[in-house]
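Encoded as structure tokens, the structure appears first; notes follow it.
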Amino acid sequence: MFDDDQNIKAIREGIKALCLKFPNEYWREKDRTRTYPTEFVKALSDQGYLGCLIPEEYGGSGLKLSAAAVILEEIHNSGGNGAACHAQMYIMGTLLRHGSDEQKKRYLPGIAEGSLRLQAFGVTEPGSGTDTLALKTTARKDGDSYIINGQKVWTSRAEHSDLMLLLARTTHRDKVEKRTNGLSVFIVDMRGTIGKELTIRPIRTMVNHATTEVFFDELRVPQENLIGEEGKGFRYIIDGMNAERILIASECIGDSRWFIKKATAYANERIVFDRPIGMNQGIQFPIAQAYAETEAAALMTEKAALLYEDEKRLGAEANVAKLLASAASWKAAEACMQTHGGYGFAEEYDVERKYRETRLYQIAPISTNLILSYIAEHVLGLPRSY
Ligand SMILES: Cc1cc2nc3c(=O)[nH]c(=O)nc-3n(C[C@H](O)[C@H](O)[C@H](O)COP(=O)(O)OP(=O)(O)OC[C@H]3O[C@@H](n4cnc5c(N)ncnc54)[C@H](O)[C@@H]3O)c2cc1C
């Protein structure tokens, strides 16, 4: 994707070189022990990749979303996983577009140099995953602060972050004019609060994702940490979510390319009945199909990223890109697993690890059903179903 641009080509080459230092053995070990890839995140940060979206005046490289997309695509294409750090890139969309100059001055230089981590995104709650507007965590005004109470779940990387971008309710659901009003976004500085007003509990999952549940008990957040206007947070967070969908789509494209490469190599080398299994069209066609679907999804992802960069309306494109790319990577994963036969299940081939990892994207950050509902309602004009 995006390779007409020389900068992007250079970024792609730079990331490829960096990823060579973190081979499959590295990711396998992190997966086996469910450990955060601290060394990898540090290397990305030290080389400026994690600050790529931060404007130059705040110490970043001032690149566009397409640069972030290529960085994540290449990480996944190398066999690695960007989930340890991708949130910093998409959360940035909300801060950059809706944060005040003062907030940007306070946080961005530290994030750009790697001394401050903005990796946690607190939206989902036990009773509100798909139905974000049902969230119950409250932010109550108290003098020049807000007091946060409630619970988030699936807050990934909370233990590896200094800051959390939090969506909380500032006006009761029954008292808002529009259903999307009444939620506000805060930058929560978690340092010094853990084990006191903030409790973080890890959740062990089928992938190495450093995800957690987070409990807020009378956590005080200064008013200056409110992003934009009180009650308009859902709109601000949607900007971040569209960026997230595009970036997750790029990770899926990277995964898909990894599976296709891996399946093709194995199909060429594995001899059964005295000939390579890749001679059988039953082996070739699923890989070829996954290739075609990946290329189409990559074009859609590129289109969505370019619309995002132009600040145009892009809800439809971001959703379609995520839908197609996650479907393509899952198809490629299936083809790769099937091509490997029993060996696909062996840890040392990395297929089962990547297979588990790419499955997540059918569900998070938004599930396939909900994207289809979005397209039906907002693009095709069909009645709202929920
Ligand atoms: C590993 C992992 C990491 C995550 N990281 C984060 C994070 O960092 N921050 C964060 O805020 N969240 C995070 N999430 C949460 C993720 O965004 C949610 O899991 C996702 O939005 C789905 O919500 P849910 O799990 O509550 O599913 P539910 O809302 O309970 O839905 C269950 C199923 O029902 C379907 N469904 C629901 N309503 C409808 C309908 N009207 N029509 C058709 N189908 C429907 C859904 O599509 C889904 O398949 C993470 C999740 C996982 C698994």
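Ordered as shown in the structure tokens, chains take letters A, B, and onward, while each chain numbers its residues from 1 and ligands are numbered from 1 in the order shown.
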
Segment 203-209 of chain A surroundings by only C-alpha atoms, 7 Å radius, close-in-sequence under 6 positions cut, as a compact mmCIF listing (two decimals) with C-alpha atoms, in the first residue's frame:
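Produced file out.txt, reproduced below:
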```
# COMPACT_ATOMS: atom_id res chain seq x y z
CA ASP A 31 3.43 -15.61 23.36
CA ARG A 34 2.36 -14.08 27.85
CA ALA A 83 -0.96 -4.85 19.34
CA ALA A 84 1.60 -4.02 22.00
CA SER A 156 -5.33 -3.54 26.85
CA ARG A 356 -5.03 -17.10 16.94
CA GLU A 357 -3.86 -13.51 16.68
```

Kindly provide the residues of chain A that approach ligand 1 to within 9 Å, each paired with its closest atom pair and their distance in Å to one decimal, based on only C-alpha atoms and all ligand atoms, listed by chain and increasing number, as CSV.
```
residue,atom,partner,partner_atom_place_in_ligand_line,distance
A:Ala83,CA,ligand 1,3 (C),8.8
A:Ala87,CA,ligand 1,8 (O),7.4
A:Gln119,CA,ligand 1,8 (O),8.3
A:Ala120,CA,ligand 1,8 (O),6.1
A:Phe121,CA,ligand 1,9 (N),4.7
A:Gly122,CA,ligand 1,11 (O),4.6
A:Val123,CA,ligand 1,11 (O),3.5
A:Thr124,CA,ligand 1,11 (O),3.8
A:Glu125,CA,ligand 1,26 (O),7.3
A:Pro126,CA,ligand 1,26 (O),6.6
A:Gly127,CA,ligand 1,26 (O),6.9
A:Ser128,CA,ligand 1,26 (O),5.7
A:Gly129,CA,ligand 1,26 (O),3.2
A:Thr130,CA,ligand 1,29 (O),3.7
A:Asp131,CA,ligand 1,29 (O),6.1
A:Thr132,CA,ligand 1,21 (O),8.1
A:Lys152,CA,ligand 1,11 (O),7.4
A:Val153,CA,ligand 1,12 (N),6.8
A:Trp154,CA,ligand 1,13 (C),4.5
A:Thr155,CA,ligand 1,8 (O),4.1
A:Ser156,CA,ligand 1,8 (O),3.9
A:Arg157,CA,ligand 1,8 (O),7.0
A:Ala158,CA,ligand 1,8 (O),8.2
A:Leu166,CA,ligand 1,11 (O),8.6
A:Leu167,CA,ligand 1,11 (O),8.7
A:Ile203,CA,ligand 1,1 (C),8.9
A:Thr205,CA,ligand 1,1 (C),6.8
A:Met206,CA,ligand 1,1 (C),8.1
A:Val207,CA,ligand 1,1 (C),7.0
A:Asn208,CA,ligand 1,1 (C),8.2
A:His209,CA,ligand 1,1 (C),5.8
A:Ala210,CA,ligand 1,1 (C),8.0
A:Thr211,CA,ligand 1,3 (C),5.9
A:Thr212,CA,ligand 1,5 (N),8.4
A:Glu357,CA,ligand 1,1 (C),9.0
A:Leu360,CA,ligand 1,53 (C),6.4
A:Tyr361,CA,ligand 1,53 (C),8.7
A:Gln362,CA,ligand 1,49 (O),8.3
A:Ile363,CA,ligand 1,20 (C),5.7
A:Ala364,CA,ligand 1,16 (C),4.4
A:Pro365,CA,ligand 1,17 (O),3.9
A:Ile366,CA,ligand 1,21 (O),4.7
A:Ser367,CA,ligand 1,47 (O),4.6
A:Thr368,CA,ligand 1,47 (O),6.1
A:Asn369,CA,ligand 1,47 (O),4.5
A:Leu370,CA,ligand 1,47 (O),5.4
A:Ile371,CA,ligand 1,47 (O),8.5
A:Leu372,CA,ligand 1,43 (C),8.5
A:Ser373,CA,ligand 1,42 (N),6.8
A:Ser385,CA,ligand 1,41 (N),6.5
A:Tyr386,CA,ligand 1,41 (N),5.0
```

Compile the contact shell of Ile253 of chain A as number ranges by chain: residues with an atom at most 9 Å away, counting only C-alpha atoms, same-chain residues fewer than 4 positions apart removed. A: 73, 76-77, 248-249, 257-258, 294-295, 297-298, 301, 325-326, 328-329

For Glu224 of chain A, the closest of A:Lys104, A:Arg384, A:Lys136, A:Arg359 counting only C-alpha atoms is A:Lys104

Counting only C-alpha atoms, which of A:Thr264, A:Gln47, A:Thr33, A:Ser256 gets nearest to Gly14 of chain A? A:Gln47

If you run DSSP on this backbone, which residues of segment 1-250 of chain A come out as strand (DSSP E), and could you give them as a ChimeraX atom specification? /A:118-122,138-142,145-153,163-169,183-189,198-202,212-222,226-227

Since we have the selection now, will you write its residues out, keeping C-alpha atoms, as a short mmCIF file (atom, residue, chain, number, x, y, z; two decimals), in the first residue's frame?
```cif
data_model
loop_
_atom_site.label_atom_id
_atom_site.label_comp_id
_atom_site.auth_asym_id
_atom_site.auth_seq_id
_atom_site.Cartn_x
_atom_site.Cartn_y
_atom_site.Cartn_z
CA LEU A 118 -0.18 6.56 25.94
CA GLN A 119 -1.19 2.98 25.28
CA ALA A 120 -4.47 2.44 27.14
CA PHE A 121 -7.90 3.09 25.70
CA GLY A 122 -10.71 2.71 28.23
CA THR A 138 -19.20 8.13 35.60
CA ALA A 139 -17.19 11.33 35.83
CA ARG A 140 -18.74 13.62 38.45
CA LYS A 141 -17.78 17.28 38.53
CA ASP A 142 -16.27 18.35 41.85
CA SER A 145 -11.83 18.20 39.02
CA TYR A 146 -13.87 15.23 37.93
CA ILE A 147 -14.26 12.15 40.12
CA ILE A 148 -14.28 8.85 38.20
CA ASN A 149 -16.10 5.73 39.43
CA GLY A 150 -16.83 2.51 37.57
CA GLN A 151 -15.21 -0.35 35.69
CA LYS A 152 -13.70 -0.95 32.29
CA VAL A 153 -12.88 -4.32 30.77
CA LEU A 163 -1.82 7.56 30.40
CA MET A 164 -5.26 6.26 29.53
CA LEU A 165 -7.75 7.83 27.18
CA LEU A 166 -11.01 7.29 29.05
CA LEU A 167 -14.62 7.59 27.92
CA ALA A 168 -16.98 8.22 30.85
CA ARG A 169 -20.51 9.45 31.39
CA LEU A 183 -20.15 11.14 27.37
CA SER A 184 -16.79 12.85 27.85
CA VAL A 185 -13.18 11.97 27.09
CA PHE A 186 -10.37 12.39 29.62
CA ILE A 187 -6.66 11.89 29.62
CA VAL A 188 -6.12 9.97 32.84
CA ASP A 189 -2.63 10.03 34.28
CA LEU A 198 -7.20 2.50 40.36
CA THR A 199 -7.03 -1.30 40.35
CA ILE A 200 -5.77 -3.20 37.29
CA ARG A 201 -6.33 -6.96 36.91
CA PRO A 202 -4.81 -8.85 33.97
CA THR A 212 -6.91 -6.12 31.71
CA GLU A 213 -9.92 -5.02 33.66
CA VAL A 214 -9.70 -1.68 35.41
CA PHE A 215 -11.63 -0.44 38.44
CA PHE A 216 -11.99 3.25 39.31
CA ASP A 217 -12.78 4.21 42.88
CA GLU A 218 -13.13 7.97 43.40
CA LEU A 219 -10.24 8.72 41.03
CA ARG A 220 -9.72 12.49 40.79
CA VAL A 221 -8.88 13.86 37.34
CA PRO A 222 -8.19 17.58 36.94
CA LEU A 226 -11.02 16.88 29.79
CA ILE A 227 -10.63 16.73 26.00
#
```

Need to verify the contact set: Gly278 of chain A, 12 Å, only C-alpha atoms, exclusion of same-chain residues closer than 6 positions in sequence. Can you return it as a PyMOL selection string? chain A and resi 263-272+284-288+335-336+338-340

Atoms kept (C-alpha atoms) for selection, written as a compact mmCIF listing (two decimals), in the first residue's frame:
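Resulting contents of again-v6.txt:
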```txt
# COMPACT_ATOMS: atom_id res chain seq x y z
CA ALA A 263 1.64 -21.09 2.83
CA THR A 264 3.22 -20.65 -0.60
CA ALA A 265 6.69 -21.57 0.64
CA TYR A 266 5.40 -24.68 2.40
CA ALA A 267 3.23 -25.70 -0.56
CA ASN A 268 6.32 -25.57 -2.77
CA GLU A 269 8.54 -27.57 -0.45
CA ARG A 270 6.29 -30.22 1.12
CA ILE A 271 6.37 -33.43 -0.89
CA VAL A 272 3.41 -35.82 -0.65
CA GLN A 284 -3.38 -23.51 -4.74
CA PHE A 285 -6.87 -22.05 -4.97
CA PRO A 286 -7.49 -21.10 -1.33
CA ILE A 287 -4.11 -19.34 -1.27
CA ALA A 288 -4.81 -17.59 -4.58
CA ALA A 335 -5.49 -21.49 3.86
CA CYS A 336 -2.10 -21.40 5.59
CA GLN A 338 -4.78 -26.19 5.93
CA THR A 339 -1.68 -26.12 3.70
CA HIS A 340 0.52 -27.00 6.67
```

Rank A:Asp162, A:Glu293, A:Asp350, A:Glu197 by their smallest atom-to-atom distance to Ala321 of chain A, using only C-alpha atoms, and report the top residue only. A:Glu293

Run DSSP on the backbone and tell me which residues of segment 4-56 of chain A come out as alpha helix (DSSP H); list them as a PyMOL selection string. chain A and resi 6-20+24-33+38-46

Quick check, in Å to one decimal: how far apart do atom CA of Ile75 of chain A and atom CA of Ala243 of chain A lie?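 Separating atom CA of Ile75 of chain A from atom CA of Ala243 of chain A is a distance of 17.6 Å.
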
Just want the 9 Å neighbourhood of Glu57 of chain A, counted on only C-alpha atoms, with same-chain residues fewer than 4 positions away dropped. Output as an NGL selection string. :A and (61-62 or 109)

What's around Leu20 of chain A at 10 Å? Count only C-alpha atoms, leave out sequence neighbours fewer than 3 positions away in its own chain, and write the answer as a VMD selection string. chain A and resid 15 to 17 23 to 24 75 78 to 80

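Distances from A:Ala316, A:Gly114, A:Glu302, A:Ile260 to Gln289 of chain A were compared using only C-alpha atoms, and the smallest one belongs to A:Ile260.
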
What separation in Å, quoted to one decimal, exists between atom CA of Gly195 of chain A and atom CA of Glu159 of chain A?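 About the pair atom CA of Gly195 of chain A and atom CA of Glu159 of chain A: they are 11.7 Å apart.
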
Residues of segment 199-281 of chain A that approach segment 304-312 of chain A to 9 Å or less, counting only C-alpha atoms: could you list each one with the shortest pair of atoms and its distance in Å to one decimal, rows by chain and increasing residue number, as JSON lines?
```
{"residue": "A:Asp239", "atom": "CA", "partner": "A:Tyr308", "partner_atom": "CA", "distance": 9.0}
{"residue": "A:Asn242", "atom": "CA", "partner": "A:Tyr308", "partner_atom": "CA", "distance": 8.1}
{"residue": "A:Ala243", "atom": "CA", "partner": "A:Tyr308", "partner_atom": "CA", "distance": 7.4}
{"residue": "A:Ile246", "atom": "CA", "partner": "A:Ala305", "partner_atom": "CA", "distance": 6.4}
{"residue": "A:Leu247", "atom": "CA", "partner": "A:Ala305", "partner_atom": "CA", "distance": 8.6}
```

How would the residues just picked look written out with N, CA and C atoms as a compact mmCIF listing (two decimals), in the first residue's frame?
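Printed below is out-v1.txt as written:
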```txt
# COMPACT_ATOMS: atom_id res chain seq x y z
N ASP A 239 -13.55 9.65 16.05
CA ASP A 239 -12.39 9.97 15.19
C ASP A 239 -11.26 8.99 15.45
N ASN A 242 -12.20 5.53 14.02
CA ASN A 242 -12.03 5.38 12.57
C ASN A 242 -10.55 5.15 12.24
N ALA A 243 -9.68 5.89 12.92
CA ALA A 243 -8.24 5.68 12.72
C ALA A 243 -7.89 4.25 13.12
N ILE A 246 -8.80 1.67 10.49
CA ILE A 246 -7.87 1.70 9.35
C ILE A 246 -6.55 1.02 9.74
N LEU A 247 -6.08 1.30 10.95
CA LEU A 247 -4.80 0.72 11.37
C LEU A 247 -4.92 -0.78 11.62
```

If you measure from atom CA of Ala67 of chain A to atom CA of Ile238 of chain A, what distance in Å do you get, rounded to one decimal?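 The value is 20.4 Å.
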
Near Ile375 of chain A, counting only C-alpha atoms, which residues have an atom at most 9 Å away, once you skip same-chain residues fewer than 6 positions from it, shown as a ChimeraX atom specification? /A:316,319-320,381-382
